[in-house]
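The next block is start_7.txt, given as compact mmCIF, C-alpha atoms and all ligand atoms.
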```txt
# COMPACT_ATOMS: atom_id res chain seq x y z
CA ARG A 4 9.57 -16.81 8.22
CA ARG A 5 8.85 -13.11 8.63
CA LYS A 6 5.28 -12.51 9.70
CA ILE A 7 3.20 -9.80 8.07
CA ILE A 8 -0.29 -8.40 8.03
CA ILE A 9 -1.14 -6.61 4.79
CA ASP A 10 -3.61 -3.75 5.15
CA THR A 11 -4.96 -2.82 1.74
CA ASP A 12 -7.55 -1.07 -0.46
CA VAL A 13 -6.87 -3.14 -3.60
CA GLY A 14 -6.18 -1.23 -5.96
CA ILE A 15 -4.00 -2.08 -8.95
CA ASP A 16 -0.71 -1.38 -7.18
CA ASP A 17 -2.00 -3.10 -4.02
CA ALA A 18 -2.73 -6.24 -6.07
CA GLN A 19 0.78 -6.18 -7.47
CA ALA A 20 2.24 -5.62 -4.00
CA ILE A 21 0.35 -8.67 -2.69
CA PHE A 22 1.70 -10.76 -5.58
CA LEU A 23 5.21 -9.64 -4.61
CA ALA A 24 4.69 -10.91 -1.06
CA LEU A 25 3.16 -14.15 -2.31
CA ALA A 26 6.20 -14.75 -4.51
CA ASP A 27 8.58 -14.57 -1.56
CA PRO A 28 8.63 -17.72 0.59
CA SER A 29 10.39 -15.85 3.41
CA ALA A 30 7.20 -13.86 4.09
CA GLU A 31 4.38 -15.43 6.05
CA ILE A 32 1.15 -13.55 5.43
CA LEU A 33 -0.86 -13.94 8.64
CA ALA A 34 -3.78 -11.90 7.40
CA ILE A 35 -4.94 -9.47 4.76
CA THR A 36 -7.09 -6.69 6.20
CA CYS A 37 -9.28 -4.58 3.92
CA VAL A 38 -10.27 -0.93 4.13
CA GLY A 39 -12.32 1.44 1.96
CA GLY A 40 -10.08 3.69 -0.13
CA ASN A 41 -9.42 3.24 -3.82
CA THR A 42 -12.87 1.66 -4.01
CA LEU A 43 -15.71 0.57 -1.71
CA LEU A 44 -14.84 -1.88 1.05
CA GLU A 45 -17.03 -4.56 -0.59
CA ASN A 46 -14.98 -4.28 -3.79
CA VAL A 47 -11.70 -4.28 -1.87
CA CYS A 48 -12.66 -7.54 -0.13
CA SER A 49 -13.67 -9.25 -3.36
CA ASN A 50 -10.55 -7.91 -5.12
CA VAL A 51 -8.33 -9.45 -2.44
CA LEU A 52 -10.13 -12.77 -2.90
CA LYS A 53 -9.55 -12.48 -6.67
CA VAL A 54 -5.83 -11.91 -6.14
CA LEU A 55 -5.64 -14.91 -3.80
CA THR A 56 -7.63 -17.02 -6.26
CA VAL A 57 -5.15 -16.23 -9.04
CA ALA A 58 -2.26 -17.15 -6.76
CA GLN A 59 -4.12 -20.20 -5.41
CA ARG A 60 -3.64 -18.92 -1.87
CA LEU A 61 -7.17 -18.78 -0.53
CA ASP A 62 -5.78 -20.32 2.65
CA ILE A 63 -4.73 -16.80 3.73
CA PRO A 64 -7.44 -15.27 5.96
CA VAL A 65 -9.05 -12.05 4.70
CA TYR A 66 -10.82 -9.62 7.04
CA ALA A 67 -13.12 -6.70 6.26
CA GLY A 68 -12.30 -3.47 8.07
CA CYS A 69 -13.45 0.14 8.02
CA LYS A 70 -15.69 1.35 5.23
CA ALA A 71 -14.94 5.03 5.57
CA PRO A 72 -12.30 7.35 7.02
CA ILE A 73 -12.58 8.58 10.62
CA ILE A 74 -14.01 11.89 9.40
CA GLY A 75 -15.98 12.36 6.19
CA ASN A 76 -16.69 9.97 3.38
CA ILE A 77 -14.75 7.61 1.17
CA LYS A 78 -12.97 9.49 -1.64
CA PHE A 79 -12.08 6.78 -4.23
CA GLY A 80 -9.06 6.39 -6.48
CA GLU A 81 -11.40 5.94 -9.44
CA PRO A 82 -9.56 7.83 -12.19
CA TYR A 83 -6.62 5.49 -11.87
CA HIS A 84 -7.92 2.24 -10.39
CA GLY A 85 -11.37 2.14 -12.02
CA GLU A 86 -14.68 1.97 -10.21
CA ASP A 87 -14.11 -1.61 -9.08
CA GLY A 88 -10.51 -0.91 -8.00
CA LEU A 89 -9.07 -3.35 -10.52
CA GLY A 90 -9.27 -1.37 -13.73
CA ASP A 91 -12.92 -2.27 -14.51
CA CYS A 92 -11.81 -5.23 -16.59
CA PRO A 93 -14.81 -7.18 -17.99
CA PRO A 94 -15.24 -10.38 -15.93
CA ASP A 95 -14.95 -12.71 -18.93
CA ILE A 96 -11.53 -11.22 -19.73
CA LEU A 97 -10.31 -11.12 -16.13
CA ASP A 98 -11.34 -14.77 -15.94
CA VAL A 99 -11.16 -15.29 -12.19
CA GLY A 100 -14.71 -16.52 -11.80
CA PRO A 101 -17.09 -15.27 -9.12
CA VAL A 102 -15.42 -15.04 -5.73
CA ASP A 103 -17.15 -16.43 -2.70
CA ILE A 104 -17.54 -13.51 -0.31
CA SER A 105 -18.47 -15.95 2.48
CA MET A 106 -14.76 -16.82 2.54
CA LEU A 107 -14.22 -13.58 4.48
CA GLN A 108 -13.44 -14.12 8.14
CA LEU A 109 -16.04 -13.02 10.65
CA GLU A 110 -13.78 -10.92 12.90
CA HIS A 111 -13.23 -7.26 12.13
CA ALA A 112 -9.85 -6.15 10.74
CA THR A 113 -9.34 -3.66 13.55
CA THR A 114 -9.39 -6.37 16.21
CA VAL A 115 -7.33 -9.02 14.44
CA ILE A 116 -4.36 -6.70 13.88
CA SER A 117 -3.74 -6.51 17.63
CA GLN A 118 -4.70 -10.16 18.19
CA PHE A 119 -2.05 -11.44 15.76
CA THR A 120 0.47 -9.01 17.21
CA LYS A 121 -0.10 -10.36 20.73
CA LYS A 122 0.06 -13.92 19.52
CA TYR A 123 3.54 -13.33 18.07
CA PRO A 124 5.07 -10.53 20.19
CA GLY A 125 7.93 -8.70 18.49
CA GLU A 126 7.51 -10.66 15.25
CA VAL A 127 4.74 -9.01 13.25
CA SER A 128 5.13 -6.21 10.70
CA VAL A 129 2.10 -4.41 9.31
CA ILE A 130 2.46 -3.42 5.68
CA CYS A 131 0.09 -0.51 5.10
CA LEU A 132 -0.91 0.00 1.47
CA ALA A 133 -3.99 2.12 2.06
CA PRO A 134 -5.58 4.84 4.18
CA LEU A 135 -4.57 4.10 7.77
CA THR A 136 -8.09 3.84 9.20
CA ASN A 137 -7.87 0.19 10.31
CA LEU A 138 -4.56 0.58 12.13
CA ALA A 139 -5.62 3.86 13.74
CA ILE A 140 -8.84 2.32 15.08
CA ALA A 141 -6.90 -0.72 16.29
CA ILE A 142 -4.65 1.69 18.22
CA LYS A 143 -7.67 3.49 19.66
CA ILE A 144 -9.15 0.17 20.80
CA ASP A 145 -5.89 -1.02 22.33
CA PRO A 146 -3.26 1.76 22.53
CA ASP A 147 -0.51 -0.47 23.91
CA PHE A 148 -0.33 -3.20 21.31
CA THR A 149 2.08 -1.37 18.97
CA ARG A 150 4.86 -2.00 21.53
CA LEU A 151 4.58 -5.63 20.51
CA LEU A 152 4.82 -4.95 16.77
CA LYS A 153 8.12 -5.43 14.97
CA SER A 154 7.55 -2.61 12.50
CA VAL A 155 5.03 -0.70 10.46
CA TYR A 156 5.68 0.00 6.78
CA ILE A 157 3.56 2.77 5.29
CA MET A 158 3.02 3.72 1.68
CA GLY A 159 1.73 7.21 2.03
CA GLY A 160 2.34 10.81 2.89
CA ASN A 161 5.24 12.92 1.77
CA HIS A 162 8.42 14.48 3.08
CA ALA A 163 8.69 17.59 0.95
CA GLY A 164 5.14 18.82 0.64
CA GLU A 165 4.24 17.27 -2.74
CA GLY A 166 1.06 15.32 -3.32
CA ASN A 167 -0.85 13.33 -5.91
CA ASP A 168 -4.41 13.65 -4.62
CA THR A 169 -4.05 17.32 -3.86
CA ALA A 170 -1.09 19.57 -4.57
CA ALA A 171 -0.07 19.10 -0.95
CA ALA A 172 -1.18 15.60 0.03
CA GLU A 173 -0.76 12.01 -1.02
CA PHE A 174 -3.94 9.90 -1.51
CA ASN A 175 -3.70 7.56 1.51
CA PHE A 176 -2.95 10.41 3.93
CA TYR A 177 -5.45 12.78 2.35
CA HIS A 178 -8.17 10.13 2.49
CA ASP A 179 -7.84 9.79 6.26
CA PRO A 180 -5.50 12.40 7.76
CA GLU A 181 -6.77 11.76 11.31
CA ALA A 182 -5.87 8.09 10.99
CA ALA A 183 -2.41 8.92 9.65
CA SER A 184 -1.89 11.31 12.54
CA ILE A 185 -3.00 8.73 15.13
CA VAL A 186 -0.65 6.11 13.66
CA LEU A 187 2.40 8.38 13.47
CA SER A 188 1.81 9.74 16.97
CA ASN A 189 1.14 6.42 18.68
CA CYS A 190 3.30 3.75 17.13
CA SER A 191 5.85 2.50 19.62
CA CYS A 192 7.63 0.34 17.05
CA GLU A 193 9.80 1.31 14.10
CA VAL A 194 7.87 3.16 11.38
CA ILE A 195 9.17 3.11 7.83
CA MET A 196 7.45 5.42 5.39
CA LEU A 197 7.60 5.64 1.63
CA GLY A 198 6.05 8.90 0.53
CA TRP A 199 4.85 10.25 -2.77
CA GLU A 200 7.99 12.18 -3.77
CA THR A 201 10.22 9.11 -3.62
CA CYS A 202 7.79 6.95 -5.64
CA SER A 203 7.38 9.61 -8.30
CA LEU A 204 11.06 10.51 -8.79
CA MET A 205 11.84 10.18 -12.49
CA GLU A 206 14.58 7.66 -11.80
CA ASN A 207 12.11 5.40 -9.95
CA ARG A 208 9.57 5.21 -12.77
CA PHE A 209 9.18 2.23 -15.07
CA LYS A 210 9.07 2.62 -18.82
CA TYR A 211 5.90 1.37 -20.45
CA SER A 212 7.93 -0.74 -22.88
CA TRP A 213 9.69 -2.48 -19.98
CA MET A 214 6.42 -3.16 -18.15
CA LYS A 215 4.91 -4.58 -21.32
CA GLU A 216 7.82 -6.80 -22.29
CA SER A 217 8.91 -7.96 -18.86
CA LEU A 218 5.63 -8.18 -16.95
CA TYR A 219 2.46 -8.00 -19.03
CA SER A 220 3.62 -10.42 -21.71
CA ARG A 221 4.18 -13.31 -19.27
CA ASP A 222 1.73 -16.11 -19.85
CA THR A 223 1.29 -17.06 -16.21
CA PRO A 224 -1.86 -16.51 -14.12
CA GLN A 225 -0.21 -13.53 -12.41
CA GLY A 226 1.10 -12.11 -15.70
CA ARG A 227 -2.29 -12.35 -17.41
CA PHE A 228 -4.09 -10.88 -14.39
CA ILE A 229 -1.86 -7.83 -14.08
CA ARG A 230 -1.99 -7.23 -17.83
CA ASN A 231 -5.80 -7.24 -17.65
CA ILE A 232 -6.10 -4.95 -14.63
CA ASN A 233 -3.68 -2.47 -16.24
CA ASN A 234 -5.38 -2.59 -19.62
CA ARG A 235 -7.64 0.39 -19.02
CA ILE A 236 -4.68 2.58 -18.08
CA LEU A 237 -2.62 1.33 -20.98
CA SER A 238 -5.35 1.95 -23.52
CA SER A 239 -6.16 5.41 -22.25
CA MET A 240 -2.68 6.74 -21.68
CA ASP A 241 -3.24 10.27 -20.61
CA ALA A 242 -0.28 12.39 -19.67
CA SER A 243 -2.42 14.55 -17.40
CA LEU A 244 -2.98 11.92 -14.70
CA PRO A 245 -0.31 10.67 -12.32
CA GLY A 246 1.15 7.39 -13.47
CA TYR A 247 -0.37 7.59 -16.98
CA ASP A 248 2.47 9.32 -18.75
CA GLN A 249 3.90 6.92 -21.32
CA GLU A 250 7.07 8.93 -21.92
CA SER A 251 8.07 9.40 -18.32
CA GLY A 252 6.86 5.97 -17.27
CA PHE A 253 4.78 4.25 -14.63
CA ILE A 254 4.84 5.31 -11.01
CA LEU A 255 4.61 2.33 -8.69
CA CYS A 256 3.66 2.93 -5.05
CA ASP A 257 2.44 -0.01 -2.95
CA GLU A 258 4.77 -2.43 -4.75
CA TRP A 259 7.77 -0.43 -3.55
CA VAL A 260 6.82 -0.48 0.11
CA MET A 261 6.22 -4.22 -0.01
CA ALA A 262 9.60 -4.64 -1.72
CA LEU A 263 11.23 -2.55 1.03
CA PHE A 264 9.97 -5.03 3.59
CA LEU A 265 10.85 -8.13 1.58
CA ASN A 266 14.27 -6.89 0.58
CA PRO A 267 15.58 -4.05 2.78
CA GLU A 268 18.43 -3.45 0.31
CA ILE A 269 15.84 -1.83 -1.97
CA CYS A 270 16.27 1.20 0.30
CA ALA A 271 19.20 3.17 -1.07
CA LYS A 272 18.87 6.15 1.28
CA PHE A 273 16.73 7.15 4.26
CA CYS A 274 16.45 9.84 6.91
CA VAL A 275 14.79 9.67 10.32
CA TRP A 276 12.64 12.72 10.89
CA SER A 277 9.95 13.67 13.36
CA THR A 278 6.74 13.72 11.31
CA GLU A 279 3.25 15.08 11.90
CA VAL A 280 0.18 15.30 9.71
CA GLU A 281 -1.63 18.57 8.98
CA LEU A 282 -5.30 18.20 9.91
CA ALA A 283 -6.60 21.72 9.54
CA GLY A 284 -4.89 23.39 6.60
CA ARG A 285 -7.13 25.04 4.00
CA LEU A 286 -4.87 23.83 1.21
CA THR A 287 -2.65 21.40 3.06
CA ARG A 288 -4.91 18.94 4.89
CA GLY A 289 -3.23 15.52 4.85
CA GLN A 290 0.24 16.91 4.20
CA CYS A 291 3.12 15.70 6.36
CA VAL A 292 5.01 18.30 8.32
CA VAL A 293 8.52 16.92 8.59
CA ASP A 294 10.93 18.45 11.06
CA LYS A 295 14.31 18.37 9.32
CA ARG A 296 15.97 20.72 11.81
CA PHE A 297 17.17 17.97 14.15
CA TYR A 298 18.31 15.43 11.61
CA GLY A 299 18.10 11.98 13.17
CA ARG A 300 17.55 13.28 16.69
CA SER A 301 14.29 15.14 17.00
CA SER A 302 14.07 17.65 19.83
CA ASP A 303 11.48 15.64 21.73
CA GLY A 304 12.03 12.23 20.15
CA LYS A 305 8.37 12.02 19.12
CA ASN A 306 6.88 10.63 15.90
CA GLN A 307 10.21 9.36 14.63
CA VAL A 308 9.72 8.09 11.10
CA ARG A 309 12.24 6.52 8.77
CA HIS A 310 11.59 8.22 5.43
CA VAL A 311 12.82 6.26 2.44
CA LEU A 312 14.41 8.71 0.03
CA ALA A 313 16.09 6.60 -2.67
CA LEU A 314 15.34 3.18 -4.14
CA ASP A 315 17.20 0.49 -6.03
CA LYS A 316 15.29 0.09 -9.29
CA GLU A 317 17.40 -2.73 -10.71
CA ARG A 318 16.69 -4.94 -7.68
CA MET A 319 13.03 -4.02 -7.95
CA LYS A 320 12.91 -5.07 -11.59
CA GLU A 321 14.25 -8.49 -10.61
CA MET A 322 11.57 -8.84 -7.93
CA LEU A 323 8.78 -7.82 -10.31
CA VAL A 324 9.91 -10.29 -12.96
CA LYS A 325 10.10 -13.06 -10.37
CA MET A 326 6.58 -12.15 -9.25
CA VAL A 327 5.04 -12.85 -12.66
CA MET A 328 7.12 -15.97 -13.29
CA VAL A 329 5.54 -17.87 -10.39
CA GLN A 330 3.63 -20.82 -11.79
C1 LIG A 401 -1.57 5.27 -2.95
O1 LIG A 401 -2.92 5.65 -3.24
C2 LIG A 401 -3.61 4.58 -3.84
O2 LIG A 401 -4.34 5.01 -4.92
C3 LIG A 401 -2.58 3.56 -4.22
O3 LIG A 401 -3.12 2.25 -4.14
C4 LIG A 401 -1.47 3.79 -3.24
O4 LIG A 401 -1.71 3.08 -2.04
C5 LIG A 401 -0.64 6.15 -3.78
O5 LIG A 401 -0.80 7.49 -3.44
CA CA A 402 -3.31 1.23 -2.04
```
Whole structure, structure tokens version:
Amino acid sequence: RRKIIIDTDVGIDDAQAIFLALADPSAEILAITCVGGNTLLENVCSNVLKVLTVAQRLDIPVYAGCKAPIIGNIKFGEPYHGEDGLGDCPPDILDVGPVDISMLQLEHATTVISQFTKKYPGEVSVICLAPLTNLAIAIKIDPDFTRLLKSVYIMGGNHAGEGNDTAAAEFNFYHDPEAASIVLSNCSCEVIMLGWETCSLMENRFKYSWMKESLYSRDTPQGRFIRNINNRILSSMDASLPGYDQESGFILCDEWVMALFLNPEICAKFCVWSTEVELAGRLTRGQCVVDKRFYGRSSDGKNQVRHVLALDKERMKEMLVKMVMVQ
């Protein structure tokens, strides 16, 4: 089985990405590491436990990580994910029961990432669904361990200057640009990145009617849970916010990067480009600067990132349907 660590700030799309991994028996989830991002770290940890409760997989160890980015304060994905990160669904409707926070492991996320990697050299992939604070700190603690990683999959950043959190930057990179920069500059393994432009391409969006019929109407624990966490968005469809636009459809993010790991054929096109993160720009902090001049062979060979540029939506639909069918 393919070993993964999921680093997350659950998050509606994070929750759905975790369900995707749980529905695939070929993936062995060694750990889920939590980080502040879409919501406070405390909420992220309890959200992960809720997801695992629904899937009856509380055997998977969950670790708390960094509360805040390397510089500055937590920024929150509140307009989309709700204050609690899972759409602020009333507890009696969500129906997961109180989660037992003492189920969290005692070690810190930033140390276990390298520990698992050393335990299984060359076998572990980290699937990053959140600001990259945990992985960046892990690298700072132990700069050499990434040589032993199989790969790092990142949902975040961009390749053509477009953002969702600012005009220039994607949420996960804008939340902690220093962390993103540390990760891209110091990873000695393969780095696969799915940025904002690819997720938000019109052809990669999912029609509301399809989501409703194929996913939210399933009467399984997963189906009911994702319908409930999406309810706030569905009932306040607002074309002005990313992902809310009923006509143009839902933008999925973290689900795609998980799907890319689980089923590499989801990637229909990629390019390898040297990639850095802007840390100082007045308008562009958190934006990726992608060097497209030396296609596939950067001048100095540094920061080589595989940018996913096109996706197979039909395959993805099959995976999403399978995810909610699990009994
Ligand atoms: C990313 O930001 C978060 O709000 C989502 O969970 C996803 O990881 C998309 O920009
Ligand atoms: Ca996320």
Notebook entry, point to check: Which neighbours of region 185-200 of chain A fall inside 7 Å, counting all atoms listed in the file, when residues of the same chain fewer than 2 positions from it are skipped, and could you give them as a PyMOL selection string?
Noted result: chain A and resi 138-139+149-150+152-162+165-166+173+181-183+202-204+260+279+306+308-311
Residues just named, written with C-alpha atoms as a JSON list (two decimals), in the frame of the given file:
```json
[["chain", "number", "residue", "atom", "x", "y", "z"],
["A", 138, "LEU", "CA", -4.56, 0.58, 12.13],
["A", 139, "ALA", "CA", -5.62, 3.86, 13.74],
["A", 149, "THR", "CA", 2.08, -1.37, 18.97],
["A", 150, "ARG", "CA", 4.86, -2.00, 21.53],
["A", 152, "LEU", "CA", 4.82, -4.95, 16.77],
["A", 153, "LYS", "CA", 8.12, -5.43, 14.97],
["A", 154, "SER", "CA", 7.55, -2.61, 12.50],
["A", 155, "VAL", "CA", 5.03, -0.70, 10.46],
["A", 156, "TYR", "CA", 5.68, 0.00, 6.78],
["A", 157, "ILE", "CA", 3.56, 2.77, 5.29],
["A", 158, "MET", "CA", 3.02, 3.72, 1.68],
["A", 159, "GLY", "CA", 1.73, 7.21, 2.03],
["A", 160, "GLY", "CA", 2.34, 10.81, 2.89],
["A", 161, "ASN", "CA", 5.24, 12.92, 1.77],
["A", 162, "HIS", "CA", 8.42, 14.48, 3.08],
["A", 165, "GLU", "CA", 4.24, 17.27, -2.74],
["A", 166, "GLY", "CA", 1.06, 15.32, -3.32],
["A", 173, "GLU", "CA", -0.76, 12.01, -1.02],
["A", 181, "GLU", "CA", -6.77, 11.76, 11.31],
["A", 182, "ALA", "CA", -5.87, 8.09, 10.99],
["A", 183, "ALA", "CA", -2.41, 8.92, 9.65],
["A", 202, "CYS", "CA", 7.79, 6.95, -5.64],
["A", 203, "SER", "CA", 7.38, 9.61, -8.30],
["A", 204, "LEU", "CA", 11.06, 10.51, -8.79],
["A", 260, "VAL", "CA", 6.82, -0.48, 0.11],
["A", 279, "GLU", "CA", 3.25, 15.08, 11.90],
["A", 306, "ASN", "CA", 6.88, 10.63, 15.90],
["A", 308, "VAL", "CA", 9.72, 8.09, 11.10],
["A", 309, "ARG", "CA", 12.24, 6.52, 8.77],
["A", 310, "HIS", "CA", 11.59, 8.22, 5.43],
["A", 311, "VAL", "CA", 12.82, 6.26, 2.44]]
```
Margin query: Can you pull out every residue with an atom within 6 Å of ligand LIG 401 (chain A)? Use only C-alpha atoms and all ligand atoms and format it as number ranges by chain.
Written below: A: 14, 16-17, 41, 80, 132-133, 173-175, 256-257
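Picture a line from CA of Arg296 (chain A) to CA of Ala262 (chain A); it runs 29.4 Å.
Distances from A:Cys92, A:Ala30, A:Ile269, A:Val38 to ligand CA 402 (chain A) were compared using all atoms listed in the file, and the smallest one belongs to A:Val38.
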Item checked: For CA of Cys131 (chain A) and CA of Ile9 (chain A), the interatomic separation in Å (one decimal) -> 6.2 Å
Next item on the list: Pick out the residues sitting within 8 Å of region 98-106 of chain A, and hand them over as a PyMOL selection string; count all atoms listed in the file, and ignore anything fewer than 2 positions along from it in its own chain.
Entry: chain A and resi 48-49+52-53+56-57+65+94-96+108
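One distance worth recording is that between CA of Lys6 (chain A) and CA of Leu33 (chain A), which is 6.4 Å.
When all atoms listed in the file are used to measure the gap to Asp168 (chain A), the shortest distance among A:Val129, A:Ala18, A:Leu43, A:Leu286 belongs to A:Leu286.
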